[in-house]
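Engineer: upload_21.pdb is reproduced in full below (PDB, C-alpha atoms).
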```pdb
MODEL        1
ATOM      1  CA  MET A   1     226.847 -73.403  82.056
ATOM      2  CA  LYS A   2     228.941 -70.257  81.743
ATOM      3  CA  SER A   3     225.828 -68.067  81.472
ATOM      4  CA  LYS A   4     224.403 -69.656  84.631
ATOM      5  CA  LEU A   5     227.616 -68.837  86.531
ATOM      6  CA  ILE A   6     227.416 -65.237  85.377
ATOM      7  CA  ILE A   7     223.801 -64.992  86.563
ATOM      8  CA  ILE A   8     224.634 -66.592  89.933
ATOM      9  CA  THR A   9     227.656 -64.311  90.414
ATOM     10  CA  PHE A  10     225.565 -61.233  89.592
ATOM     11  CA  PHE A  11     222.821 -62.372  91.991
ATOM     12  CA  PHE A  12     225.194 -62.847  94.942
ATOM     13  CA  SER A  13     226.925 -59.547  94.149
ATOM     14  CA  PHE A  14     223.527 -57.801  94.207
ATOM     15  CA  VAL A  15     222.544 -59.426  97.522
ATOM     16  CA  LEU A  16     225.878 -58.548  99.199
ATOM     17  CA  ASN A  17     225.658 -54.977  97.930
ATOM     18  CA  ALA A  18     222.115 -54.633  99.323
ATOM     19  CA  GLN A  19     223.309 -55.928 102.695
ATOM     20  CA  ASP A  20     226.194 -53.419 102.741
ATOM     21  CA  LEU A  21     223.784 -50.589 101.875
ATOM     22  CA  SER A  22     221.492 -51.650 104.701
ATOM     23  CA  LYS A  23     224.348 -51.485 107.214
ATOM     24  CA  ILE A  24     225.441 -48.047 106.000
ATOM     25  CA  TYR A  25     221.841 -46.823 106.193
ATOM     26  CA  GLU A  26     221.552 -47.916 109.826
ATOM     27  CA  ARG A  27     224.736 -46.012 110.625
ATOM     28  CA  VAL A  28     224.034 -42.697 108.877
ATOM     29  CA  SER A  29     220.236 -42.351 108.763
ATOM     30  CA  PRO A  30     219.914 -40.951 112.345
ATOM     31  CA  ALA A  31     221.909 -37.909 111.125
ATOM     32  CA  VAL A  32     219.213 -37.092 108.543
ATOM     33  CA  VAL A  33     216.456 -34.689 109.598
ATOM     34  CA  ALA A  34     213.170 -33.276 108.350
ATOM     35  CA  ILE A  35     212.925 -29.496 108.081
ATOM     36  CA  LEU A  36     209.501 -27.914 108.618
ATOM     37  CA  THR A  37     209.014 -24.265 107.651
ATOM     38  CA  GLN A  38     206.310 -21.652 107.552
ATOM     39  CA  GLU A  39     206.576 -18.694 105.178
ATOM     40  CA  LYS A  40     204.511 -15.662 104.263
ATOM     41  CA  THR A  41     204.015 -15.007 100.583
ATOM     42  CA  ILE A  42     201.863 -13.036  98.159
ATOM     43  CA  THR A  43     199.443 -14.766  95.786
ATOM     44  CA  THR A  44     196.788 -13.616  93.335
ATOM     45  CA  ASN A  45     193.226 -14.722  94.150
ATOM     46  CA  GLN A  46     190.305 -15.390  91.792
ATOM     47  CA  THR A  47     189.352 -11.710  91.725
ATOM     48  CA  ASN A  48     192.863 -10.856  90.490
ATOM     49  CA  ASN A  49     193.822  -9.209  93.774
ATOM     50  CA  SER A  50     197.046  -9.943  95.632
ATOM     51  CA  GLN A  51     196.788 -11.273  99.162
ATOM     52  CA  LYS A  52     199.253 -12.388 101.828
ATOM     53  CA  VAL A  53     199.075 -16.051 102.869
ATOM     54  CA  SER A  54     201.067 -18.422 105.083
ATOM     55  CA  THR A  55     202.461 -21.575 103.495
ATOM     56  CA  ASN A  56     204.066 -24.646 105.033
ATOM     57  CA  GLY A  57     207.241 -26.127 103.602
ATOM     58  CA  LEU A  58     209.017 -29.464 103.915
ATOM     59  CA  GLY A  59     212.611 -30.426 103.224
ATOM     60  CA  SER A  60     215.454 -32.596 104.424
ATOM     61  CA  GLY A  61     218.884 -31.952 105.898
ATOM     62  CA  PHE A  62     221.728 -33.600 107.774
ATOM     63  CA  MET A  63     223.710 -32.925 110.926
ATOM     64  CA  ILE A  64     227.412 -32.053 110.767
ATOM     65  CA  SER A  65     227.604 -31.193 114.500
ATOM     66  CA  ASN A  66     225.266 -31.293 117.482
ATOM     67  CA  LYS A  67     223.873 -27.862 116.459
ATOM     68  CA  LEU A  68     224.635 -27.339 112.746
ATOM     69  CA  ILE A  69     222.605 -28.765 109.866
ATOM     70  CA  VAL A  70     223.170 -28.498 106.114
ATOM     71  CA  THR A  71     220.213 -28.243 103.741
ATOM     72  CA  ALA A  72     219.209 -26.672 100.406
ATOM     73  CA  ALA A  73     218.866 -22.890 100.181
ATOM     74  CA  HIS A  74     215.410 -23.041  98.582
ATOM     75  CA  VAL A  75     214.099 -25.036 101.553
ATOM     76  CA  VAL A  76     214.806 -22.104 103.904
ATOM     77  CA  THR A  77     214.440 -19.029 101.657
ATOM     78  CA  VAL A  78     212.462 -16.811 104.061
ATOM     79  CA  PRO A  79     211.103 -18.919 106.940
ATOM     80  CA  GLU A  80     209.146 -17.049 109.601
ATOM     81  CA  SER A  81     209.369 -20.272 111.617
ATOM     82  CA  LEU A  82     211.808 -23.154 111.242
ATOM     83  CA  VAL A  83     211.653 -26.479 113.094
ATOM     84  CA  VAL A  84     213.905 -29.521 112.735
ATOM     85  CA  LYS A  85     212.412 -32.971 113.306
ATOM     86  CA  PHE A  86     214.680 -35.922 114.057
ATOM     87  CA  SER A  87     214.157 -39.590 113.281
ATOM     88  CA  ASP A  88     213.475 -40.258 116.983
ATOM     89  CA  GLY A  89     210.549 -37.828 116.884
ATOM     90  CA  GLU A  90     212.203 -34.946 118.764
ATOM     91  CA  THR A  91     211.728 -31.437 117.369
ATOM     92  CA  ILE A  92     214.006 -28.421 117.928
ATOM     93  CA  PRO A  93     213.535 -24.871 116.562
ATOM     94  CA  ALA A  94     216.352 -23.504 114.397
ATOM     95  CA  LYS A  95     217.520 -20.427 112.487
ATOM     96  CA  VAL A  96     219.277 -19.875 109.167
ATOM     97  CA  VAL A  97     222.964 -19.015 109.502
ATOM     98  CA  SER A  98     224.195 -18.849 105.911
ATOM     99  CA  SER A  99     222.744 -19.376 102.441
ATOM    100  CA  TYR A 100     223.929 -19.413  98.812
ATOM    101  CA  GLU A 101     221.024 -19.354  96.358
ATOM    102  CA  SER A 102     222.921 -20.142  93.140
ATOM    103  CA  ALA A 103     224.631 -23.192  94.644
ATOM    104  CA  ASP A 104     221.378 -24.067  96.498
ATOM    105  CA  ILE A 105     223.025 -24.746  99.852
ATOM    106  CA  ALA A 106     222.355 -23.393 103.332
ATOM    107  CA  LEU A 107     223.494 -23.838 106.915
ATOM    108  CA  ILE A 108     221.027 -23.727 109.815
ATOM    109  CA  GLU A 109     221.648 -23.790 113.555
ATOM    110  CA  LEU A 110     219.547 -25.385 116.295
ATOM    111  CA  PHE A 111     218.493 -23.201 119.220
ATOM    112  CA  ARG A 112     219.922 -25.876 121.509
ATOM    113  CA  PRO A 113     222.247 -28.838 120.936
ATOM    114  CA  LYS A 114     220.797 -32.213 120.014
ATOM    115  CA  ILE A 115     221.605 -34.676 122.803
ATOM    116  CA  ASN A 116     223.486 -37.771 121.581
ATOM    117  CA  ALA A 117     223.553 -36.331 118.086
ATOM    118  CA  VAL A 118     224.579 -38.563 115.192
ATOM    119  CA  THR A 119     226.597 -36.627 112.625
ATOM    120  CA  VAL A 120     227.992 -37.313 109.163
ATOM    121  CA  SER A 121     231.014 -35.921 107.337
ATOM    122  CA  PHE A 122     231.613 -34.484 103.898
ATOM    123  CA  GLY A 123     233.416 -36.731 101.427
ATOM    124  CA  ASP A 124     235.481 -35.603  98.454
ATOM    125  CA  SER A 125     233.026 -35.097  95.585
ATOM    126  CA  ASP A 126     235.912 -34.577  93.147
ATOM    127  CA  LYS A 127     236.835 -38.242  93.553
ATOM    128  CA  MET A 128     233.431 -39.443  92.410
ATOM    129  CA  LYS A 129     233.078 -40.738  88.854
ATOM    130  CA  ILE A 130     230.224 -41.328  86.436
ATOM    131  CA  GLY A 131     228.808 -44.808  87.003
ATOM    132  CA  GLN A 132     229.573 -44.990  90.728
ATOM    133  CA  GLN A 133     226.716 -45.974  93.007
ATOM    134  CA  ILE A 134     225.234 -43.485  95.473
ATOM    135  CA  PHE A 135     222.187 -43.342  97.728
ATOM    136  CA  VAL A 136     219.927 -40.592  99.046
ATOM    137  CA  ILE A 137     218.081 -40.356 102.368
ATOM    138  CA  GLY A 138     215.314 -37.872 103.102
ATOM    139  CA  VAL A 139     211.608 -37.324 103.648
ATOM    140  CA  PRO A 140     210.109 -37.497 100.131
ATOM    141  CA  LEU A 141     206.453 -36.419 100.165
ATOM    142  CA  GLY A 142     206.673 -36.452 103.963
ATOM    143  CA  VAL A 143     207.455 -40.168 104.062
ATOM    144  CA  GLY A 144     210.616 -40.451 106.136
ATOM    145  CA  PHE A 145     213.202 -41.430 106.486
ATOM    146  CA  SER A 146     213.404 -43.098 103.083
ATOM    147  CA  LEU A 147     216.326 -44.392 101.046
ATOM    148  CA  SER A 148     216.655 -44.381  97.270
ATOM    149  CA  SER A 149     219.725 -45.544  95.393
ATOM    150  CA  GLY A 150     221.160 -45.054  91.951
ATOM    151  CA  TYR A 151     224.247 -43.991  90.075
ATOM    152  CA  ILE A 152     226.087 -40.826  89.148
ATOM    153  CA  SER A 153     224.956 -39.933  85.637
ATOM    154  CA  ALA A 154     226.937 -36.746  84.944
ATOM    155  CA  PHE A 155     228.477 -33.606  86.422
ATOM    156  CA  LYS A 156     227.230 -30.087  85.729
ATOM    157  CA  ARG A 157     229.740 -27.349  86.612
ATOM    158  CA  GLN A 158     229.609 -23.591  86.100
ATOM    159  CA  ASN A 159     232.526 -21.396  87.087
ATOM    160  CA  LEU A 160     231.984 -17.868  85.860
ATOM    161  CA  GLY A 161     234.494 -16.083  88.059
ATOM    162  CA  LYS A 162     235.864 -15.577  91.521
ATOM    163  CA  ASN A 163     232.605 -14.624  93.192
ATOM    164  CA  PRO A 164     230.552 -17.287  95.031
ATOM    165  CA  PHE A 165     227.240 -15.981  93.700
ATOM    166  CA  THR A 166     227.633 -17.491  90.232
ATOM    167  CA  ASN A 167     229.698 -20.641  90.798
ATOM    168  CA  THR A 168     227.747 -23.903  90.876
ATOM    169  CA  GLU A 169     228.608 -27.592  90.822
ATOM    170  CA  PHE A 170     225.896 -30.238  90.582
ATOM    171  CA  ILE A 171     226.005 -34.035  90.493
ATOM    172  CA  GLN A 172     223.393 -35.638  88.232
ATOM    173  CA  THR A 173     221.840 -38.918  89.361
ATOM    174  CA  ASP A 174     219.064 -41.363  88.511
ATOM    175  CA  ALA A 175     218.302 -42.035  92.198
ATOM    176  CA  ALA A 176     214.640 -41.230  92.899
ATOM    177  CA  ILE A 177     214.146 -37.655  94.183
ATOM    178  CA  ASN A 178     210.760 -36.202  95.098
ATOM    179  CA  GLN A 179     209.315 -33.190  96.908
ATOM    180  CA  GLY A 180     210.675 -33.278 100.470
ATOM    181  CA  ASN A 181     214.032 -34.776  99.439
ATOM    182  CA  SER A 182     215.501 -31.310  98.861
ATOM    183  CA  GLY A 183     218.399 -30.587 101.203
ATOM    184  CA  GLY A 184     218.930 -34.234 102.067
ATOM    185  CA  PRO A 185     222.318 -35.943 101.791
ATOM    186  CA  MET A 186     223.639 -37.916  98.839
ATOM    187  CA  PHE A 187     226.052 -40.564 100.163
ATOM    188  CA  ASN A 188     228.855 -42.585  98.646
ATOM    189  CA  LEU A 189     229.230 -46.221  99.678
ATOM    190  CA  GLU A 190     231.565 -45.177 102.496
ATOM    191  CA  GLY A 191     228.721 -43.306 104.177
ATOM    192  CA  GLU A 192     230.213 -39.889 103.376
ATOM    193  CA  VAL A 193     228.101 -37.002 102.072
ATOM    194  CA  ILE A 194     229.163 -36.147  98.528
ATOM    195  CA  GLY A 195     226.120 -34.067  97.582
ATOM    196  CA  ILE A 196     223.141 -32.061  98.860
ATOM    197  CA  VAL A 197     219.905 -32.860  97.014
ATOM    198  CA  SER A 198     218.789 -29.806  95.032
ATOM    199  CA  HIS A 199     216.267 -30.262  92.214
ATOM    200  CA  ILE A 200     214.960 -32.451  89.394
ATOM    201  CA  LYS A 201     214.460 -31.973  85.663
ATOM    202  CA  SER A 202     211.004 -33.186  84.704
ATOM    203  CA  LYS A 203     208.361 -32.931  81.989
ATOM    204  CA  THR A 204     205.666 -34.563  84.132
ATOM    205  CA  GLY A 205     206.234 -32.747  87.431
ATOM    206  CA  GLY A 206     207.290 -36.025  89.024
ATOM    207  CA  PHE A 207     210.659 -37.756  88.993
ATOM    208  CA  ASP A 208     211.729 -38.657  85.454
ATOM    209  CA  GLY A 209     215.159 -40.069  86.282
ATOM    210  CA  ILE A 210     217.156 -36.825  86.219
ATOM    211  CA  GLY A 211     217.988 -35.311  89.591
ATOM    212  CA  TYR A 212     220.718 -32.987  90.816
ATOM    213  CA  ALA A 213     222.648 -32.519  94.053
ATOM    214  CA  SER A 214     225.050 -29.707  94.931
ATOM    215  CA  SER A 215     228.583 -31.058  95.343
ATOM    216  CA  SER A 216     229.967 -31.542  98.846
ATOM    217  CA  ASN A 217     233.246 -29.792  98.010
ATOM    218  CA  LEU A 218     231.520 -26.563  96.977
ATOM    219  CA  ALA A 219     229.186 -26.774  99.984
ATOM    220  CA  ALA A 220     232.034 -27.300 102.458
ATOM    221  CA  ASN A 221     234.011 -24.412 100.980
ATOM    222  CA  LEU A 222     231.140 -21.919 101.000
ATOM    223  CA  LEU A 223     229.347 -22.906 104.201
ATOM    224  CA  LEU A 224     232.331 -23.727 106.409
ATOM    225  CA  ASN A 225     235.018 -21.390 105.066
ATOM    226  CA  ASN A 226     233.185 -18.312 103.744
ATOM    227  CA  LYS A 227     230.203 -18.276 106.151
ATOM    228  CA  MET A 228     228.330 -15.467 104.426
ATOM    229  CA  PRO A 229     225.568 -14.441 106.871
ATOM    230  CA  TRP A 230     221.913 -14.837 105.985
ATOM    231  CA  LEU A 231     220.234 -11.445 105.656
ATOM    232  CA  GLY A 232     216.672 -12.753 105.722
ATOM    233  CA  ALA A 233     215.143 -11.790 102.390
ATOM    234  CA  ASP A 234     213.962 -13.216  99.104
ATOM    235  CA  LEU A 235     215.882 -11.115  96.575
ATOM    236  CA  TYR A 236     215.657 -10.965  92.794
ATOM    237  CA  SER A 237     218.457  -9.535  90.627
ATOM    238  CA  LEU A 238     217.039  -7.093  88.108
ATOM    239  CA  THR A 239     218.531  -7.101  84.621
ATOM    240  CA  ALA A 240     219.292  -3.912  82.708
ATOM    241  CA  ASN A 241     215.940  -4.070  80.874
ATOM    242  CA  GLU A 242     214.049  -4.749  84.096
ATOM    243  CA  ALA A 243     215.912  -1.886  85.808
ATOM    244  CA  LYS A 244     214.430   0.452  83.181
ATOM    245  CA  ILE A 245     210.925  -0.815  83.974
ATOM    246  CA  PHE A 246     211.441   0.114  87.641
ATOM    247  CA  ASN A 247     213.080   3.423  86.656
ATOM    248  CA  LEU A 248     216.318   2.678  88.519
ATOM    249  CA  PRO A 249     219.175   5.205  88.463
ATOM    250  CA  GLN A 250     221.567   2.348  87.556
ATOM    251  CA  ASN A 251     221.673  -0.737  85.356
ATOM    252  CA  SER A 252     220.675  -3.264  88.016
ATOM    253  CA  GLY A 253     219.441  -3.680  91.550
ATOM    254  CA  LEU A 254     218.026  -6.208  94.007
ATOM    255  CA  LEU A 255     214.242  -6.371  94.179
ATOM    256  CA  VAL A 256     213.205  -7.218  97.748
ATOM    257  CA  GLN A 257     210.244  -9.590  97.419
ATOM    258  CA  ARG A 258     209.830 -10.961 100.954
ATOM    259  CA  VAL A 259     211.540 -10.211 104.280
ATOM    260  CA  VAL A 260     211.643 -12.286 107.462
ATOM    261  CA  THR A 261     210.604 -10.190 110.438
ATOM    262  CA  LEU A 262     213.290 -11.511 112.796
ATOM    263  CA  SER A 263     216.305 -11.155 110.514
ATOM    264  CA  ILE A 264     219.021  -8.605 109.759
ATOM    265  CA  PHE A 265     216.996  -7.011 106.956
ATOM    266  CA  GLY A 266     213.759  -7.232 108.927
ATOM    267  CA  GLU A 267     215.242  -5.398 111.904
ATOM    268  CA  MET A 268     216.705  -2.738 109.589
ATOM    269  CA  GLY A 269     213.219  -1.935 108.340
ATOM    270  CA  ILE A 270     213.681  -3.142 104.769
ATOM    271  CA  LYS A 271     210.278  -3.815 103.177
ATOM    272  CA  GLY A 272     209.119  -6.600 100.917
ATOM    273  CA  GLY A 273     206.483  -6.361  98.191
ATOM    274  CA  ASP A 274     202.702  -6.542  98.342
ATOM    275  CA  THR A 275     201.655  -7.311  94.761
ATOM    276  CA  GLU A 276     202.292 -10.296  92.505
ATOM    277  CA  LEU A 277     203.019  -9.460  88.860
ATOM    278  CA  VAL A 278     204.352 -11.278  85.810
ATOM    279  CA  ILE A 279     207.318  -9.464  84.252
ATOM    280  CA  ASN A 280     209.213 -11.007  81.339
ATOM    281  CA  ASN A 281     207.342 -14.284  81.979
ATOM    282  CA  LYS A 282     208.534 -14.324  85.614
ATOM    283  CA  LYS A 283     206.280 -14.169  88.653
ATOM    284  CA  LEU A 284     207.623 -11.435  90.920
ATOM    285  CA  ILE A 285     206.427  -9.792  94.113
ATOM    286  CA  VAL A 286     206.719  -6.042  93.596
ATOM    287  CA  GLY A 287     206.004  -2.938  95.649
ATOM    288  CA  GLY A 288     208.891  -3.421  98.056
ATOM    289  CA  ASP A 289     212.314  -1.814  98.332
ATOM    290  CA  ILE A 290     214.967  -2.127  95.635
ATOM    291  CA  ILE A 291     218.534  -2.321  96.906
ATOM    292  CA  LEU A 292     220.989  -0.154  94.988
ATOM    293  CA  ALA A 293     224.154  -0.515  97.105
ATOM    294  CA  PHE A 294     225.711  -2.017 100.226
ATOM    295  CA  ASN A 295     227.887   0.601 101.927
ATOM    296  CA  ASP A 296     229.607   2.243  98.949
ATOM    297  CA  ILE A 297     229.456  -0.866  96.764
ATOM    298  CA  LYS A 298     226.926  -0.402  93.975
ATOM    299  CA  PHE A 299     225.033  -3.574  93.088
ATOM    300  CA  GLU A 300     225.839  -4.544  89.517
ATOM    301  CA  LEU A 301     225.686  -7.839  87.660
ATOM    302  CA  THR A 302     229.427  -7.808  86.982
ATOM    303  CA  ASP A 303     232.083 -10.094  88.347
ATOM    304  CA  GLU A 304     233.972  -7.161  89.848
ATOM    305  CA  SER A 305     230.937  -5.898  91.756
ATOM    306  CA  LEU A 306     229.878  -9.358  92.944
ATOM    307  CA  VAL A 307     233.384 -10.166  94.208
ATOM    308  CA  LYS A 308     233.387  -6.923  96.220
ATOM    309  CA  LEU A 309     229.944  -7.757  97.604
ATOM    310  CA  ALA A 310     231.094 -11.265  98.550
ATOM    311  CA  GLU A 311     234.056  -9.824 100.456
ATOM    312  CA  PHE A 312     231.694  -7.352 102.125
ATOM    313  CA  ALA A 313     229.354 -10.180 103.154
ATOM    314  CA  LYS A 314     232.217 -12.164 104.687
ATOM    315  CA  SER A 315     233.302  -9.092 106.667
ATOM    316  CA  LEU A 316     229.912  -8.968 108.399
ATOM    317  CA  ALA A 317     230.964 -11.871 110.628
ATOM    318  CA  VAL A 318     233.577  -9.515 112.154
ATOM    319  CA  ASP A 319     231.804  -6.167 111.850
ATOM    320  CA  PRO A 320     228.001  -6.436 111.486
ATOM    321  CA  LYS A 321     227.530  -2.669 111.026
ATOM    322  CA  PHE A 322     226.666  -1.616 107.490
ATOM    323  CA  GLU A 323     224.239   0.512 105.490
ATOM    324  CA  VAL A 324     222.039  -0.180 102.505
ATOM    325  CA  THR A 325     220.994   2.313  99.841
ATOM    326  CA  ILE A 326     217.472   1.605  98.617
ATOM    327  CA  LEU A 327     214.857   2.959  96.241
ATOM    328  CA  ARG A 328     211.473   3.159  97.975
ATOM    329  CA  ALA A 329     208.409   4.668  96.316
ATOM    330  CA  GLY A 330     210.601   6.635  93.907
ATOM    331  CA  LYS A 331     212.882   8.039  96.627
ATOM    332  CA  ILE A 332     216.479   7.045  97.381
ATOM    333  CA  MET A 333     217.189   6.548 101.070
ATOM    334  CA  THR A 334     219.731   4.851 103.341
ATOM    335  CA  LEU A 335     219.045   2.320 106.107
ATOM    336  CA  LYS A 336     221.659   1.353 108.705
ATOM    337  CA  ASN A 337     222.294  -1.814 110.662
ATOM    338  CA  ASN A 338     223.675  -0.693 114.027
TER     339      ASN A 338
ENDMDL
END
```
In structure tokens, how does this file's structure come out?
Structural biologist:
Amino acid sequence: MKSKLIIITFFFSFVLNAQDLSKIYERVSPAVVAILTQEKTITTNQTNNSQKVSTNGLGSGFMISNKLIVTAAHVVTVPESLVVKFSDGETIPAKVVSSYESADIALIELFRPKINAVTVSFGDSDKMKIGQQIFVIGVPLGVGFSLSSGYISAFKRQNLGKNPFTNTEFIQTDAAINQGNSGGPMFNLEGEVIGIVSHIKSKTGGFDGIGYASSSNLAANLLLNNKMPWLGADLYSLTANEAKIFNLPQNSGLLVQRVVTLSIFGEMGIKGGDTELVINNKKLIVGGDIILAFNDIKFELTDESLVKLAEFAKSLAVDPKFEVTILRAGKIMTLKNN
């Protein structure tokens, strides 16, 4: 008799919880959007030659105002075109405002406000605990707007210093995450965003029960308080050994792989690469510029240098004029953003 009561209690608890989740979904799902991108990249064809191709991308995001949308940085790395699609079918072009690659978060802005926009708010991710239920909404595999639910499995934090380029904070979950979910919101049961869907860990290529979302607290701090502007390039930090391969006059630099035409870097004349190579087991696009310094700040993979560069990036919101020292075809030259 006692076991039957336990089963009945569990059943009703499950049904009530499902009903609550359904109500929350109805309230917050209109704030979730699909993000459609088109990028130019370099690939190697069957004859072992590199060629430029256009690729389409798909991700998710969510509205925090009638013009601003939060998503994952890798969804909008270097989009030549960027369109936001809403659950009611409306589409509005957008641009990238700010992006942090290591934390995998980005802020994009619509070219015009969304009429009667539904928005959601950030919750306090520090209050979440392992075992608490969460749910994710997005457009997995282009099927939107879909809900998956699960629990917080663990937290993965990395704080290597004061600079925002190396600090990360991810929430691990068993909620189903697939291609297209990236950038979508992870909600608590209050309907607050406590994470931004980032990536999965998988041996099969599909979802194996281990997914990660960037924490809302880190996202709110970086995207709303720091507001580092998006420069419009796919950059790769060269290590000391890789710097020797490229014959750099210093121990590190930023390899410019791709550049968006209508961006700060694009308008400065900074060039991306034209050849795909494998270096140290990494696929890289080479042949473009290598950034050595911003103003008088030499790019180095040290905390001191990265903190200075972060402060420089924040200052661009007030004074957008700066210069970049680059290595191009073996020659050092300076480009200015006036």
Engineer: Would you kindly translate the PyMOL selection byres ((chain A and resi 117) around 9) into the concrete residues it picks from this file, as a ChimeraX atom specification?
Structural biologist: /A:30-31,63,65-67,113-116,118-119
Engineer: Hey, what comes out of the PyMOL selection byres ((chain A and resi 101) around 8) on this file? Could you write it as a ChimeraX atom specification?
Structural biologist: /A:73-74,99-100,102-105,165
Engineer: Kindly indicate which residue among A:Met228, A:Val259, A:Lys283, A:Phe246 lies nearest to Leu309 (chain A), using all atoms listed in the file for the distances.
Structural biologist: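 Of A:Met228, A:Val259, A:Lys283, A:Phe246, the one nearest Leu309 (chain A) is A:Met228, counting all atoms listed in the file.
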Engineer: Tell me, in Å to one decimal, how far CA of Leu82 (chain A) is from CA of Leu110 (chain A).
Structural biologist: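 Going from CA of Leu82 (chain A) over to CA of Leu110 (chain A) covers 9.5 Å.
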Engineer: Which residues of region 16-88 of chain A come within 9 Å of region 141-159 of chain A, and for each one, what is the closest pair of atoms and their distance in Å to one decimal, counting only C-alpha atoms, sorted by chain and residue number, as JSON lines?
Structural biologist:
```
{"residue": "A:Tyr25", "atom": "CA", "partner": "A:Leu147", "partner_atom": "CA", "distance": 7.9}
{"residue": "A:Ser29", "atom": "CA", "partner": "A:Phe145", "partner_atom": "CA", "distance": 7.5}
{"residue": "A:Pro30", "atom": "CA", "partner": "A:Phe145", "partner_atom": "CA", "distance": 8.9}
{"residue": "A:Val32", "atom": "CA", "partner": "A:Phe145", "partner_atom": "CA", "distance": 7.7}
{"residue": "A:Val33", "atom": "CA", "partner": "A:Phe145", "partner_atom": "CA", "distance": 8.1}
{"residue": "A:Ala34", "atom": "CA", "partner": "A:Gly144", "partner_atom": "CA", "distance": 7.9}
{"residue": "A:Leu58", "atom": "CA", "partner": "A:Gly142", "partner_atom": "CA", "distance": 7.4}
{"residue": "A:Gly59", "atom": "CA", "partner": "A:Gly142", "partner_atom": "CA", "distance": 8.5}
{"residue": "A:Ser87", "atom": "CA", "partner": "A:Phe145", "partner_atom": "CA", "distance": 7.1}
```
Engineer: Write the residues you've just listed into a file as a short mmCIF file (atom, residue, chain, number, x, y, z; two decimals), in the coordinates of the input, and include C-alpha atoms for each of them.
Structural biologist:
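Dumped everything to part36.cif:
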```cif
data_model
loop_
_atom_site.label_atom_id
_atom_site.label_comp_id
_atom_site.auth_asym_id
_atom_site.auth_seq_id
_atom_site.Cartn_x
_atom_site.Cartn_y
_atom_site.Cartn_z
CA TYR A 25 221.84 -46.82 106.19
CA SER A 29 220.24 -42.35 108.76
CA PRO A 30 219.91 -40.95 112.34
CA VAL A 32 219.21 -37.09 108.54
CA VAL A 33 216.46 -34.69 109.60
CA ALA A 34 213.17 -33.28 108.35
CA LEU A 58 209.02 -29.46 103.92
CA GLY A 59 212.61 -30.43 103.22
CA SER A 87 214.16 -39.59 113.28
#
```
Engineer: Given the file above and the PyMOL selection byres ((chain A and resi 330) around 12), which residues are selected, and can you give them as a ChimeraX atom specification?
Structural biologist: /A:246-249,287-290,326-329,331-333
Engineer: Just checking: using all atoms listed in the file, which residue out of A:Asn295, A:Thr168, A:Asn56, A:Thr334 ends up closest to Met268 (chain A)?
Structural biologist: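 Result for the nearest residue to Met268 (chain A): A:Thr334.
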Engineer: Between CA of Leu277 (chain A) and CA of Leu255 (chain A), what is the spacing in Å?
Structural biologist: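 CA of Leu255 (chain A) sits 12.8 Å away from CA of Leu277 (chain A).
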Engineer: Tell me which of A:Phe135, A:Asn251, A:Gly180, A:Pro229 sits closest to Val318 (chain A), counting all atoms listed in the file.
Structural biologist: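 Checking each of A:Phe135, A:Asn251, A:Gly180, A:Pro229 against Val318 (chain A), counting all atoms listed in the file, the winner is A:Pro229.
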Engineer: Residues near Lys282 (chain A), anyone? I mean within 12 Å using all atoms listed in the file, not counting same-chain ones fewer than 3 positions away, as a CSV table (one decimal) with C-alpha atoms, in the frame of the given file.
Structural biologist:
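The result, stored in out_10.csv:
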```
chain,number,residue,atom,x,y,z
A,236,TYR,CA,215.7,-11.0,92.8
A,238,LEU,CA,217.0,-7.1,88.1
A,242,GLU,CA,214.0,-4.7,84.1
A,276,GLU,CA,202.3,-10.3,92.5
A,277,LEU,CA,203.0,-9.5,88.9
A,278,VAL,CA,204.4,-11.3,85.8
A,279,ILE,CA,207.3,-9.5,84.3
A,285,ILE,CA,206.4,-9.8,94.1
A,286,VAL,CA,206.7,-6.0,93.6
```
Engineer: List the spatial neighbours of Leu21 (chain A) as a CSV table (one decimal) with C-alpha atoms, in the frame of the given file - criterion: any atom at most 12 Å away, all atoms listed in the file, same-chain residues fewer than 5 positions off excluded.
Structural biologist:
```csv
chain,number,residue,atom,x,y,z
A,14,PHE,CA,223.5,-57.8,94.2
A,15,VAL,CA,222.5,-59.4,97.5
A,16,LEU,CA,225.9,-58.5,99.2
A,26,GLU,CA,221.6,-47.9,109.8
A,27,ARG,CA,224.7,-46.0,110.6
A,28,VAL,CA,224.0,-42.7,108.9
A,29,SER,CA,220.2,-42.4,108.8
A,133,GLN,CA,226.7,-46.0,93.0
A,134,ILE,CA,225.2,-43.5,95.5
A,135,PHE,CA,222.2,-43.3,97.7
A,136,VAL,CA,219.9,-40.6,99.0
A,137,ILE,CA,218.1,-40.4,102.4
A,147,LEU,CA,216.3,-44.4,101.0
A,148,SER,CA,216.7,-44.4,97.3
A,149,SER,CA,219.7,-45.5,95.4
A,150,GLY,CA,221.2,-45.1,92.0
A,187,PHE,CA,226.1,-40.6,100.2
A,188,ASN,CA,228.9,-42.6,98.6
A,189,LEU,CA,229.2,-46.2,99.7
A,190,GLU,CA,231.6,-45.2,102.5
A,191,GLY,CA,228.7,-43.3,104.2
```
Engineer: List the neighbours of Phe265 (chain A) out to 8 Å using all atoms listed in the file; skip same-chain residues closer than 6 positions along the sequence, and give me the result as a compact mmCIF listing (two decimals) with C-alpha atoms, in the frame of the given file.
Structural biologist:
```
# COMPACT_ATOMS: atom_id res chain seq x y z
CA LEU A 231 220.23 -11.44 105.66
CA GLY A 232 216.67 -12.75 105.72
CA ALA A 233 215.14 -11.79 102.39
CA VAL A 259 211.54 -10.21 104.28
```
Engineer: Mind checking which residues fall within 12 Å of Lys321 (chain A), counting only C-alpha atoms, ignoring those fewer than 2 positions away in the same chain, and posting them as number ranges by chain?
Structural biologist: A: 264, 268, 294-295, 312-313, 315-319, 323-324, 335-338
